[in-house]
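Dumped data_14.cif below, it's mmCIF, C-alpha atoms:
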```cif
data_data
loop_
_atom_site.label_atom_id
_atom_site.label_comp_id
_atom_site.auth_asym_id
_atom_site.auth_seq_id
_atom_site.Cartn_x
_atom_site.Cartn_y
_atom_site.Cartn_z
CA MET A 224 37.14 13.25 22.79
CA ALA A 225 36.22 13.78 26.45
CA ILE A 226 34.06 16.76 27.43
CA PRO A 227 36.25 19.32 29.29
CA GLU A 228 35.57 19.59 33.02
CA GLN A 229 34.62 23.28 32.79
CA LEU A 230 31.97 22.47 30.14
CA GLN A 231 30.64 19.57 32.27
CA GLN A 232 30.17 21.93 35.23
CA ILE A 233 28.25 24.40 33.06
CA ASP A 234 26.08 21.58 31.66
CA GLN A 235 25.26 20.29 35.14
CA SER A 236 24.19 23.79 36.18
CA LEU A 237 22.02 24.11 33.06
CA ILE A 238 20.35 20.76 33.75
CA THR A 239 19.56 21.86 37.31
CA LEU A 240 18.12 25.17 36.08
CA LEU A 241 16.06 23.41 33.40
CA ARG A 242 14.54 21.14 36.04
CA GLU A 243 13.64 24.20 38.11
CA ARG A 244 12.20 25.96 35.05
CA ILE A 245 9.99 22.99 34.13
CA SER A 246 8.80 22.59 37.74
CA THR A 247 7.99 26.31 37.97
CA LEU A 248 6.04 26.22 34.71
CA ALA A 249 4.01 23.31 36.08
CA ALA A 250 3.35 25.04 39.41
CA LEU A 251 2.61 28.61 38.26
CA GLY A 252 0.87 28.06 34.94
CA VAL A 253 2.14 28.14 31.39
CA PRO A 254 2.49 31.43 29.47
CA SER A 255 2.17 31.09 25.72
CA MET A 256 5.30 30.09 23.81
CA GLN A 257 5.20 33.39 21.93
CA GLU A 258 5.25 35.34 25.22
CA GLN A 259 8.16 33.31 26.51
CA LEU A 260 10.06 33.64 23.24
CA SER A 261 9.62 37.42 22.88
CA ASN A 262 10.13 38.42 26.52
CA TYR A 263 13.93 38.31 26.46
CA LYS A 264 14.76 39.30 22.88
CA SER A 265 16.68 42.42 23.85
CA LEU A 266 18.57 40.55 26.59
CA LEU A 267 19.49 37.79 24.15
CA MET A 268 20.96 40.39 21.80
CA GLN A 269 22.93 42.04 24.62
CA MET A 270 24.32 38.72 25.82
CA GLY A 271 25.15 37.44 22.36
CA VAL A 272 22.89 34.38 22.67
CA SER A 273 21.09 33.30 19.48
CA GLU A 274 17.31 33.31 19.45
CA CYS A 275 17.31 29.69 18.21
CA ALA A 276 19.07 28.54 21.41
CA TRP A 277 16.47 30.24 23.59
CA SER A 278 13.65 28.95 21.38
CA SER A 279 14.92 25.38 21.87
CA ILE A 280 14.82 25.80 25.65
CA ILE A 281 11.27 27.21 25.61
CA ILE A 282 9.87 24.53 23.31
CA SER A 283 11.69 21.70 25.10
CA SER A 284 10.39 22.89 28.48
CA MET A 285 6.83 23.00 27.17
CA ALA A 286 7.23 19.57 25.57
CA ALA A 287 8.48 18.15 28.88
CA LEU A 288 5.26 19.31 30.55
CA ALA A 289 3.09 17.96 27.75
CA SER A 290 4.74 14.54 27.77
CA THR A 291 4.86 13.94 31.52
CA PRO A 292 2.72 10.84 32.20
CA SER A 293 -0.20 11.75 34.44
CA LEU A 294 -1.84 8.37 35.06
CA PRO A 295 -0.75 6.17 37.98
CA TYR A 296 -0.17 2.58 36.95
CA GLU A 297 -0.10 -0.22 39.50
CA VAL A 298 1.32 -3.45 38.13
CA GLU A 299 -0.35 -6.80 38.58
CA PRO A 300 2.16 -9.07 36.81
CA ARG A 301 0.61 -10.90 33.86
CA ASN A 302 1.74 -13.77 31.68
CA ILE A 303 2.16 -12.42 28.16
CA THR A 304 3.26 -14.09 24.94
CA VAL A 305 4.38 -11.91 22.05
CA ILE A 306 4.25 -13.66 18.68
CA GLY A 307 6.95 -12.16 16.50
CA GLY A 308 8.68 -10.75 19.56
CA ARG A 309 12.05 -10.56 17.83
CA GLY A 310 10.82 -8.26 15.08
CA VAL A 311 11.10 -4.46 15.36
CA MET A 312 7.64 -3.82 16.83
CA GLY A 313 7.61 -7.14 18.69
CA ARG A 314 10.83 -6.15 20.48
CA PHE A 315 9.36 -2.75 21.30
CA PHE A 316 6.25 -4.20 22.97
CA THR A 317 8.29 -6.91 24.70
CA ASP A 318 10.66 -4.31 26.16
CA ARG A 319 7.84 -2.05 27.36
CA LEU A 320 5.87 -4.93 28.93
CA VAL A 321 8.95 -6.32 30.69
CA ALA A 322 9.85 -2.82 31.94
CA ALA A 323 6.31 -2.56 33.37
CA GLY A 324 6.86 -5.73 35.42
CA HIS A 325 5.13 -8.39 33.33
CA CYS A 326 6.38 -11.88 32.48
CA VAL A 327 6.87 -11.95 28.71
CA ARG A 328 7.66 -14.93 26.52
CA ILE A 329 8.26 -14.97 22.77
CA LEU A 330 6.90 -17.30 20.12
CA GLU A 331 8.48 -17.19 16.66
CA TYR A 332 7.50 -18.90 13.41
CA ASP A 333 9.83 -21.84 14.10
CA GLY A 334 8.63 -22.47 17.68
CA TRP A 335 5.07 -23.76 17.24
CA GLU A 336 5.92 -27.08 18.88
CA GLN A 337 5.96 -25.05 22.12
CA ALA A 338 2.61 -23.38 21.40
CA ASP A 339 0.67 -25.14 24.18
CA SER A 340 3.15 -24.13 26.89
CA LEU A 341 3.63 -20.58 25.56
CA LEU A 342 -0.03 -19.84 24.84
CA GLY A 343 -2.07 -22.08 27.14
CA ASN A 344 -1.67 -20.01 30.33
CA ALA A 345 -1.17 -16.58 28.77
CA ASP A 346 -3.24 -13.66 30.04
CA LEU A 347 -2.47 -11.78 26.82
CA VAL A 348 -1.28 -12.96 23.41
CA LEU A 349 -0.03 -10.08 21.28
CA ILE A 350 0.44 -10.83 17.58
CA CYS A 351 3.25 -8.75 16.02
CA VAL A 352 3.82 -10.35 12.62
CA PRO A 353 3.67 -8.92 9.08
CA PHE A 354 0.11 -8.25 7.93
CA LYS A 355 0.10 -10.91 5.21
CA GLY A 356 0.62 -13.58 7.88
CA THR A 357 -1.59 -12.13 10.62
CA LEU A 358 -4.91 -13.82 9.78
CA ALA A 359 -3.35 -17.29 9.58
CA VAL A 360 -1.50 -16.74 12.85
CA ILE A 361 -4.72 -15.59 14.60
CA GLN A 362 -6.50 -18.79 13.57
CA LYS A 363 -3.54 -20.89 14.69
CA VAL A 364 -3.24 -19.11 18.04
CA ALA A 365 -6.96 -19.53 18.78
CA GLN A 366 -6.51 -23.30 18.91
CA HIS A 367 -4.14 -23.04 21.90
CA VAL A 368 -5.41 -20.21 24.14
CA ALA A 369 -7.86 -20.28 27.02
CA PRO A 370 -11.29 -18.62 26.63
CA THR A 371 -10.20 -15.89 29.08
CA THR A 372 -7.00 -14.98 27.22
CA ILE A 373 -6.86 -11.51 25.66
CA LEU A 374 -6.13 -11.75 21.94
CA ALA A 375 -4.60 -8.63 20.36
CA ASP A 376 -2.81 -7.71 17.14
CA ILE A 377 -0.93 -4.66 15.84
CA ALA A 378 -1.57 -4.98 12.07
CA SER A 379 -2.09 -1.83 10.03
CA THR A 380 -5.44 -3.05 8.67
CA LYS A 381 -8.04 -3.70 11.33
CA VAL A 382 -11.34 -4.92 9.82
CA PRO A 383 -10.10 -8.37 8.73
CA THR A 384 -7.89 -8.89 11.80
CA VAL A 385 -10.52 -7.90 14.37
CA GLU A 386 -13.20 -9.93 12.57
CA THR A 387 -10.91 -12.98 12.43
CA MET A 388 -10.08 -12.69 16.14
CA LEU A 389 -13.77 -12.39 17.04
CA ASP A 390 -14.67 -15.38 14.85
CA SER A 391 -11.78 -17.55 16.09
CA HIS A 392 -11.72 -16.74 19.80
CA PRO A 393 -14.63 -16.45 22.29
CA GLY A 394 -12.73 -14.29 24.79
CA PRO A 395 -11.48 -10.69 24.99
CA VAL A 396 -10.31 -9.18 21.68
CA VAL A 397 -8.67 -5.86 20.80
CA GLY A 398 -7.08 -4.56 17.62
CA LEU A 399 -4.19 -2.13 18.05
CA HIS A 400 -2.24 -0.06 15.54
CA PRO A 401 0.85 1.78 16.83
CA MET A 402 1.27 4.90 14.69
CA PHE A 403 5.06 4.96 14.92
CA GLY A 404 7.98 2.93 13.69
CA PRO A 405 11.66 2.19 14.28
CA GLY A 406 13.61 4.41 16.64
CA VAL A 407 10.87 4.98 19.24
CA LYS A 408 11.97 3.90 22.73
CA SER A 409 8.72 4.29 24.71
CA PHE A 410 5.04 5.18 24.34
CA LEU A 411 5.82 8.77 25.37
CA SER A 412 3.74 11.10 23.12
CA GLN A 413 3.14 8.25 20.64
CA LYS A 414 -0.30 7.49 19.20
CA VAL A 415 -1.85 4.02 19.30
CA VAL A 416 -5.19 3.35 17.60
CA VAL A 417 -7.44 1.06 19.66
CA CYS A 418 -10.26 -0.91 18.04
CA PRO A 419 -12.14 -2.72 20.85
CA GLY A 420 -13.55 -6.08 19.83
CA ARG A 421 -14.96 -7.82 22.90
CA GLU A 422 -14.83 -7.47 26.72
CA PRO A 423 -12.95 -4.14 26.92
CA ASN A 424 -12.70 -4.28 30.72
CA ALA A 425 -10.45 -7.33 30.42
CA PHE A 426 -7.70 -5.46 28.53
CA GLN A 427 -8.07 -2.05 30.19
CA TRP A 428 -4.86 -2.69 32.17
CA PHE A 429 -2.95 -2.93 28.87
CA LEU A 430 -4.35 0.40 27.68
CA ASP A 431 -3.56 1.93 31.09
CA LEU A 432 0.06 0.80 30.70
CA MET A 433 0.40 2.69 27.40
CA GLU A 434 -1.29 5.81 28.76
CA ALA A 435 0.74 5.72 31.98
CA GLU A 436 3.88 5.92 29.87
CA GLY A 437 2.53 8.96 28.03
CA GLY A 438 0.91 7.21 25.06
CA LYS A 439 -2.05 8.83 23.29
CA LEU A 440 -4.85 6.38 22.53
CA ILE A 441 -7.33 6.93 19.70
CA THR A 442 -10.36 4.68 20.09
CA CYS A 443 -12.48 3.95 17.02
CA THR A 444 -14.14 1.12 15.12
CA ALA A 445 -12.10 -1.07 12.81
CA GLU A 446 -14.02 0.38 9.87
CA GLU A 447 -13.19 3.97 10.85
CA HIS A 448 -9.53 3.03 11.25
CA ASP A 449 -9.27 1.43 7.82
CA ARG A 450 -10.96 4.39 6.11
CA MET A 451 -8.46 6.82 7.67
CA MET A 452 -5.46 4.61 6.87
CA VAL A 453 -6.17 4.95 3.16
CA ALA A 454 -4.99 8.57 3.45
CA VAL A 455 -2.68 8.37 6.46
CA GLN A 456 -0.68 5.39 5.18
CA ALA A 457 -1.45 3.97 1.74
CA ILE A 458 -1.63 7.15 -0.36
CA ARG A 459 1.22 8.81 1.55
CA HIS A 460 3.51 5.78 1.22
CA PHE A 461 2.71 5.49 -2.49
CA ALA A 462 3.49 9.18 -3.09
CA THR A 463 6.82 8.83 -1.26
CA PHE A 464 7.60 5.52 -2.97
CA SER A 465 6.81 6.80 -6.47
CA LEU A 466 8.83 10.01 -6.02
CA GLY A 467 11.80 7.95 -4.81
CA VAL A 468 11.56 5.59 -7.79
CA PHE A 469 11.27 8.56 -10.16
CA LEU A 470 14.37 10.30 -8.78
CA ALA A 471 16.31 7.03 -9.03
CA GLU A 472 15.20 6.53 -12.65
CA GLU A 473 16.15 10.12 -13.47
CA GLY A 474 19.67 9.46 -12.21
CA ILE A 475 19.52 12.39 -9.81
CA SER A 476 22.57 12.59 -7.55
CA ILE A 477 20.86 12.83 -4.16
CA GLY A 478 24.04 13.93 -2.40
CA GLN A 479 24.71 16.71 -4.90
CA SER A 480 21.07 17.82 -4.85
CA LEU A 481 21.37 18.37 -1.09
CA ASP A 482 24.10 20.95 -1.77
CA PHE A 483 21.40 23.02 -3.49
CA ALA A 484 18.56 22.02 -1.17
CA SER A 485 16.11 24.09 0.82
CA PRO A 486 15.22 22.65 4.26
CA ILE A 487 11.86 21.50 2.85
CA TYR A 488 13.53 19.57 0.01
CA ARG A 489 16.01 18.06 2.45
CA THR A 490 13.17 16.93 4.73
CA GLU A 491 11.36 15.39 1.75
CA ILE A 492 14.51 13.51 0.68
CA ASN A 493 15.02 12.31 4.26
CA LEU A 494 11.49 10.88 4.32
CA ILE A 495 12.09 9.11 0.99
CA ASN A 496 15.42 7.79 2.22
CA ARG A 497 13.82 6.64 5.47
CA LEU A 498 11.26 4.60 3.54
CA PHE A 499 13.88 2.88 1.37
CA ALA A 500 16.09 2.19 4.40
CA GLN A 501 13.40 -0.10 5.85
CA ASP A 502 11.79 -3.43 4.98
CA ALA A 503 10.26 -3.25 1.49
CA SER A 504 7.54 -5.81 2.29
CA LEU A 505 6.21 -3.62 5.12
CA TYR A 506 5.34 -0.75 2.79
CA ILE A 507 4.26 -2.86 -0.18
CA ASP A 508 1.90 -4.89 2.02
CA ILE A 509 0.42 -1.69 3.50
CA MET A 510 -0.34 -0.37 0.00
CA LEU A 511 -1.77 -3.73 -1.13
CA ALA A 512 -3.69 -4.41 2.10
CA SER A 513 -7.19 -3.78 0.70
CA PRO A 514 -9.02 -2.99 -2.56
CA ASP A 515 -9.93 0.43 -1.10
CA ARG A 516 -6.26 1.35 -0.82
CA CYS A 517 -5.43 0.21 -4.34
CA GLU A 518 -8.43 2.09 -5.74
CA ALA A 519 -7.46 5.30 -3.92
CA ILE A 520 -3.90 5.06 -5.25
CA THR A 521 -5.30 4.61 -8.77
CA ARG A 522 -7.40 7.77 -8.31
CA LEU A 523 -4.27 9.61 -7.15
CA THR A 524 -2.42 8.65 -10.34
CA LYS A 525 -5.39 9.84 -12.43
CA THR A 526 -5.27 13.19 -10.67
CA SER A 527 -1.54 13.42 -11.37
CA ASP A 528 -2.17 12.58 -15.04
CA ARG A 529 -4.83 15.28 -15.29
CA LEU A 530 -2.55 17.92 -13.80
CA ALA A 531 0.39 16.76 -15.94
CA ASN A 532 -1.76 17.16 -19.06
CA LEU A 533 -2.63 20.72 -18.04
CA LEU A 534 1.10 21.43 -17.61
CA ALA A 535 1.86 19.93 -21.02
CA GLN A 536 -0.81 22.20 -22.51
CA GLU A 537 0.68 25.17 -20.60
CA ASN A 538 -2.84 25.87 -19.37
CA ARG A 539 -2.00 28.31 -16.61
CA ALA A 540 -5.59 29.36 -15.95
CA ALA A 541 -6.76 25.77 -15.41
CA LEU A 542 -3.81 25.02 -13.10
CA MET A 543 -4.58 28.16 -11.07
CA ALA A 544 -8.21 27.05 -10.80
CA GLU A 545 -7.13 23.59 -9.57
CA PHE A 546 -4.87 25.27 -7.01
CA GLU A 547 -7.65 27.51 -5.68
CA VAL A 548 -10.17 24.65 -5.41
CA ALA A 549 -7.70 22.56 -3.41
CA ARG A 550 -6.69 25.53 -1.27
CA GLU A 551 -10.21 25.65 0.21
CA THR A 552 -9.72 22.18 1.71
CA TYR A 553 -6.66 23.33 3.65
CA ARG A 554 -7.58 26.93 4.41
CA ASP A 555 -8.92 26.43 7.95
CA ASP A 556 -5.81 24.49 8.95
CA ALA A 557 -3.25 26.74 7.28
CA ASN A 558 -2.01 28.53 10.43
CA ARG A 559 -1.28 25.27 12.25
CA ALA A 560 0.44 23.81 9.20
CA LEU A 561 2.63 26.90 8.73
CA GLN A 562 3.55 26.98 12.42
CA GLU A 563 4.53 23.30 12.52
CA SER A 564 6.38 23.33 9.19
CA ASN A 565 8.24 26.52 10.15
CA HIS A 566 9.36 24.75 13.33
CA ILE A 567 10.58 21.78 11.28
CA ILE A 568 12.48 24.11 8.93
CA ASN A 569 14.09 25.99 11.82
CA THR A 570 14.95 22.76 13.65
CA VAL A 571 16.58 21.24 10.55
CA SER A 572 18.48 24.48 9.92
CA ASN A 573 19.75 24.57 13.51
CA PHE A 574 20.73 20.89 13.36
CA LEU A 575 22.68 21.44 10.14
CA ALA A 576 24.39 24.52 11.61
CA ALA A 577 25.45 22.50 14.66
CA ASN A 578 26.78 19.74 12.40
CA ASP A 579 28.75 22.33 10.39
CA VAL A 580 30.37 23.61 13.58
CA GLU A 581 31.23 20.07 14.68
CA THR A 582 32.68 19.24 11.25
CA MET A 583 34.70 22.46 11.17
CA HIS A 584 36.22 21.85 14.59
CA SER A 585 36.94 18.20 13.77
CA SER A 586 38.71 19.27 10.56
CA SER A 587 40.75 21.87 12.48
CA ALA A 588 41.76 19.29 15.09
CA LEU A 589 42.94 16.89 12.35
CA ALA A 590 44.88 19.63 10.60
CA PHE A 591 46.89 20.39 13.76
CA SER A 592 47.31 16.78 14.93
#
```
Please, can you express the file's structure as structure tokens?
Amino acid sequence: MAIPEQLQQIDQSLITLLRERISTLAALGVPSMQEQLSNYKSLLMQMGVSECAWSSIIISSMAALASTPSLPYEVEPRNITVIGGRGVMGRFFTDRLVAAGHCVRILEYDGWEQADSLLGNADLVLICVPFKGTLAVIQKVAQHVAPTTILADIASTKVPTVETMLDSHPGPVVGLHPMFGPGVKSFLSQKVVVCPGREPNAFQWFLDLMEAEGGKLITCTAEEHDRMMVAVQAIRHFATFSLGVFLAEEGISIGQSLDFASPIYRTEINLINRLFAQDASLYIDIMLASPDRCEAITRLTKTSDRLANLLAQENRAALMAEFEVARETYRDDANRALQESNHIINTVSNFLAANDVETMHSSSALAFS
């Protein structure tokens, strides 16, 4: 159904005003979100405009300022080969590098007879293959590249990949880990972990490209990265995976449960569903990537067993004590967590309300057609 002309005119005016609002915020300074949200409450009530609509405008305007790339980026076209360039992340990096003005070629698992021509004159070789195949690919690539070629990978475990690149290749080396997945269209506000290996000046242009597009780089050693990924990835994925398997085994009707769901439950189910909608090997390989990850997951299950035993014993006092001990870990960060989670809850609620309106109007249109 086409958007009515009157609504299009209003939308065009709103877009123009939003541009002016964002520009004015940038020029005059940024009041706090709370000040901006509370300043017009009485006017919103008089005009019959919901507070959630105004809140969306305020937050979106602030986000536009925060995500505006600030670094200039002058392109010197480079020859780049992306190994695994037809995979999800390979396509992402290929698209971003091409958009930045570089010459990008792709090497897949069945194209190694072309390795000399695709790798021999490359300024950068970016390895975007599943982790279980990364080390073998690094060693294979090293036989074909020039000593000046930048060798980089995007695997989720960095110690073995960076060490293998350093051992196999005498030139510039960098380990990368993009902290995002399917659905992202650019580096805008996305985090990428950078583990420098050798000759960082040689690949600075690549880091500048990501930052120029609004990416947020976290530089650390490969060891620091792998320690953090135990919590950030392995334990989190296992908790989501195990809860999803449990609900499936229990025969819970997910659709029916959503009829009774709070926004928090709905968000949790969406995260579980998101995991199972993707490639199983990606998540299993992340959990199995190192002994440290497997050992941490085993400790998590022991903690769950301990708490389950206290529940079975109906030991309320011990459970309360466990709760209070854990609370201390999160106490200093509680305000931020509540603020962010409240925003998620409100955003989900507003999204569902908008969907309800759309569904209602669609049903009405069908009834009268």
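With distances taken over all atoms listed in the file, A:His566 is the one residue among A:Thr582, A:Gly343, A:Thr372, A:His566 lying closest to Ser278 of chain A.
Nearest to Thr570 of chain A of all the residues A:Ile477, A:Ile487, A:Arg242, A:Val311 is A:Ile487, counting only C-alpha atoms.
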Can you pull out every residue within 9 Å of Arg328 of chain A, counting only C-alpha atoms, but drop anything in the same chain fewer than 3 positions away, and send it as a list in words?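 Listed by chain and then number, they are Asn302, Ile303, Thr304, Val305, Ile306, Gly308, Thr317 and Leu341 of chain A.
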For the residues in that selection, give me C-alpha atoms as an mmCIF file, keeping the file's coordinate frame.
```cif
data_model
loop_
_atom_site.group_PDB
_atom_site.id
_atom_site.type_symbol
_atom_site.label_atom_id
_atom_site.label_comp_id
_atom_site.auth_asym_id
_atom_site.auth_seq_id
_atom_site.Cartn_x
_atom_site.Cartn_y
_atom_site.Cartn_z
ATOM 1 C CA ASN A 302 1.740 -13.770 31.680
ATOM 2 C CA ILE A 303 2.160 -12.420 28.160
ATOM 3 C CA THR A 304 3.260 -14.090 24.940
ATOM 4 C CA VAL A 305 4.380 -11.910 22.050
ATOM 5 C CA ILE A 306 4.250 -13.660 18.680
ATOM 6 C CA GLY A 308 8.680 -10.750 19.560
ATOM 7 C CA THR A 317 8.290 -6.910 24.700
ATOM 8 C CA LEU A 341 3.630 -20.580 25.560
#
```
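If you look at atom CA of Ala454 of chain A and atom CA of Thr524 of chain A, they are 14.0 Å away from each other.
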Run the PyMOL selection byres ((chain A and resi 431) around 12) against the file shown and list the residues it catches, as a ChimeraX atom specification. /A:292-299,320,323,410,423-430,432-440
In Å to one decimal, how far is atom CA of Pro300 of chain A from atom CA of His400 of chain A? 23.5 Å
For the file shown, what are the residues hit by the PyMOL selection byres ((chain A and resi 380) around 7), laid out as number ranges by chain? A: 378-379, 381-382, 449, 512
Kindly save the residues from that selection, with C-alpha atoms included, as a tab-separated table (two decimals), in the frame of the given file.
```
chain	number	residue	atom	x	y	z
A	378	ALA	CA	-1.57	-4.98	12.07
A	379	SER	CA	-2.09	-1.83	10.03
A	381	LYS	CA	-8.04	-3.70	11.33
A	382	VAL	CA	-11.34	-4.92	9.82
A	449	ASP	CA	-9.27	1.43	7.82
A	512	ALA	CA	-3.69	-4.41	2.10
```
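For the choices A:Asn565, A:Thr521, A:Ser273, A:Thr442, the atom-to-atom distance to Phe461 of chain A is smallest for A:Thr521 when using all atoms listed in the file.
Taking atom CA of Thr463 of chain A as the reference point, atom CA of Ile568 of chain A is found at 19.2 Å.
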Reconstructed segment 483-498 of chain A, atom set N, CA and C atoms, as a PDB file, in the frame of the given file:
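What landed in rebuild-v4.pdb:
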```pdb
ATOM      1  N   PHE A 483      22.241  21.926  -2.984  1.00  0.00           N
ATOM      2  CA  PHE A 483      21.400  23.020  -3.490  1.00  0.00           C
ATOM      3  C   PHE A 483      20.068  23.112  -2.733  1.00  0.00           C
ATOM      4  N   ALA A 484      19.888  22.259  -1.717  1.00  0.00           N
ATOM      5  CA  ALA A 484      18.560  22.020  -1.170  1.00  0.00           C
ATOM      6  C   ALA A 484      18.087  23.072  -0.187  1.00  0.00           C
ATOM      7  N   SER A 485      16.792  23.368  -0.252  1.00  0.00           N
ATOM      8  CA  SER A 485      16.110  24.090   0.820  1.00  0.00           C
ATOM      9  C   SER A 485      15.844  23.092   1.946  1.00  0.00           C
ATOM     10  N   PRO A 486      15.557  23.581   3.173  1.00  0.00           N
ATOM     11  CA  PRO A 486      15.220  22.650   4.260  1.00  0.00           C
ATOM     12  C   PRO A 486      14.019  21.757   3.942  1.00  0.00           C
ATOM     13  N   ILE A 487      13.035  22.294   3.199  1.00  0.00           N
ATOM     14  CA  ILE A 487      11.860  21.500   2.850  1.00  0.00           C
ATOM     15  C   ILE A 487      12.250  20.339   1.932  1.00  0.00           C
ATOM     16  N   TYR A 488      13.075  20.630   0.919  1.00  0.00           N
ATOM     17  CA  TYR A 488      13.530  19.570   0.010  1.00  0.00           C
ATOM     18  C   TYR A 488      14.321  18.527   0.792  1.00  0.00           C
ATOM     19  N   ARG A 489      15.199  18.991   1.666  1.00  0.00           N
ATOM     20  CA  ARG A 489      16.010  18.060   2.450  1.00  0.00           C
ATOM     21  C   ARG A 489      15.137  17.148   3.312  1.00  0.00           C
ATOM     22  N   THR A 490      14.093  17.728   3.922  1.00  0.00           N
ATOM     23  CA  THR A 490      13.170  16.930   4.730  1.00  0.00           C
ATOM     24  C   THR A 490      12.449  15.904   3.867  1.00  0.00           C
ATOM     25  N   GLU A 491      12.030  16.315   2.675  1.00  0.00           N
ATOM     26  CA  GLU A 491      11.360  15.390   1.750  1.00  0.00           C
ATOM     27  C   GLU A 491      12.283  14.244   1.364  1.00  0.00           C
ATOM     28  N   ILE A 492      13.539  14.555   1.047  1.00  0.00           N
ATOM     29  CA  ILE A 492      14.510  13.510   0.680  1.00  0.00           C
ATOM     30  C   ILE A 492      14.762  12.586   1.867  1.00  0.00           C
ATOM     31  N   ASN A 493      14.819  13.144   3.072  1.00  0.00           N
ATOM     32  CA  ASN A 493      15.020  12.310   4.260  1.00  0.00           C
ATOM     33  C   ASN A 493      13.871  11.328   4.452  1.00  0.00           C
ATOM     34  N   LEU A 494      12.645  11.770   4.191  1.00  0.00           N
ATOM     35  CA  LEU A 494      11.490  10.880   4.320  1.00  0.00           C
ATOM     36  C   LEU A 494      11.533   9.773   3.267  1.00  0.00           C
ATOM     37  N   ILE A 495      11.945  10.128   2.047  1.00  0.00           N
ATOM     38  CA  ILE A 495      12.090   9.110   0.990  1.00  0.00           C
ATOM     39  C   ILE A 495      13.170   8.117   1.391  1.00  0.00           C
ATOM     40  N   ASN A 496      14.304   8.637   1.840  1.00  0.00           N
ATOM     41  CA  ASN A 496      15.420   7.790   2.220  1.00  0.00           C
ATOM     42  C   ASN A 496      15.050   6.875   3.394  1.00  0.00           C
ATOM     43  N   ARG A 497      14.264   7.430   4.323  1.00  0.00           N
ATOM     44  CA  ARG A 497      13.820   6.640   5.470  1.00  0.00           C
ATOM     45  C   ARG A 497      12.981   5.445   5.027  1.00  0.00           C
ATOM     46  N   LEU A 498      12.096   5.683   4.045  1.00  0.00           N
ATOM     47  CA  LEU A 498      11.260   4.600   3.540  1.00  0.00           C
ATOM     48  C   LEU A 498      12.122   3.492   2.921  1.00  0.00           C
TER      49      LEU A 498
END
```
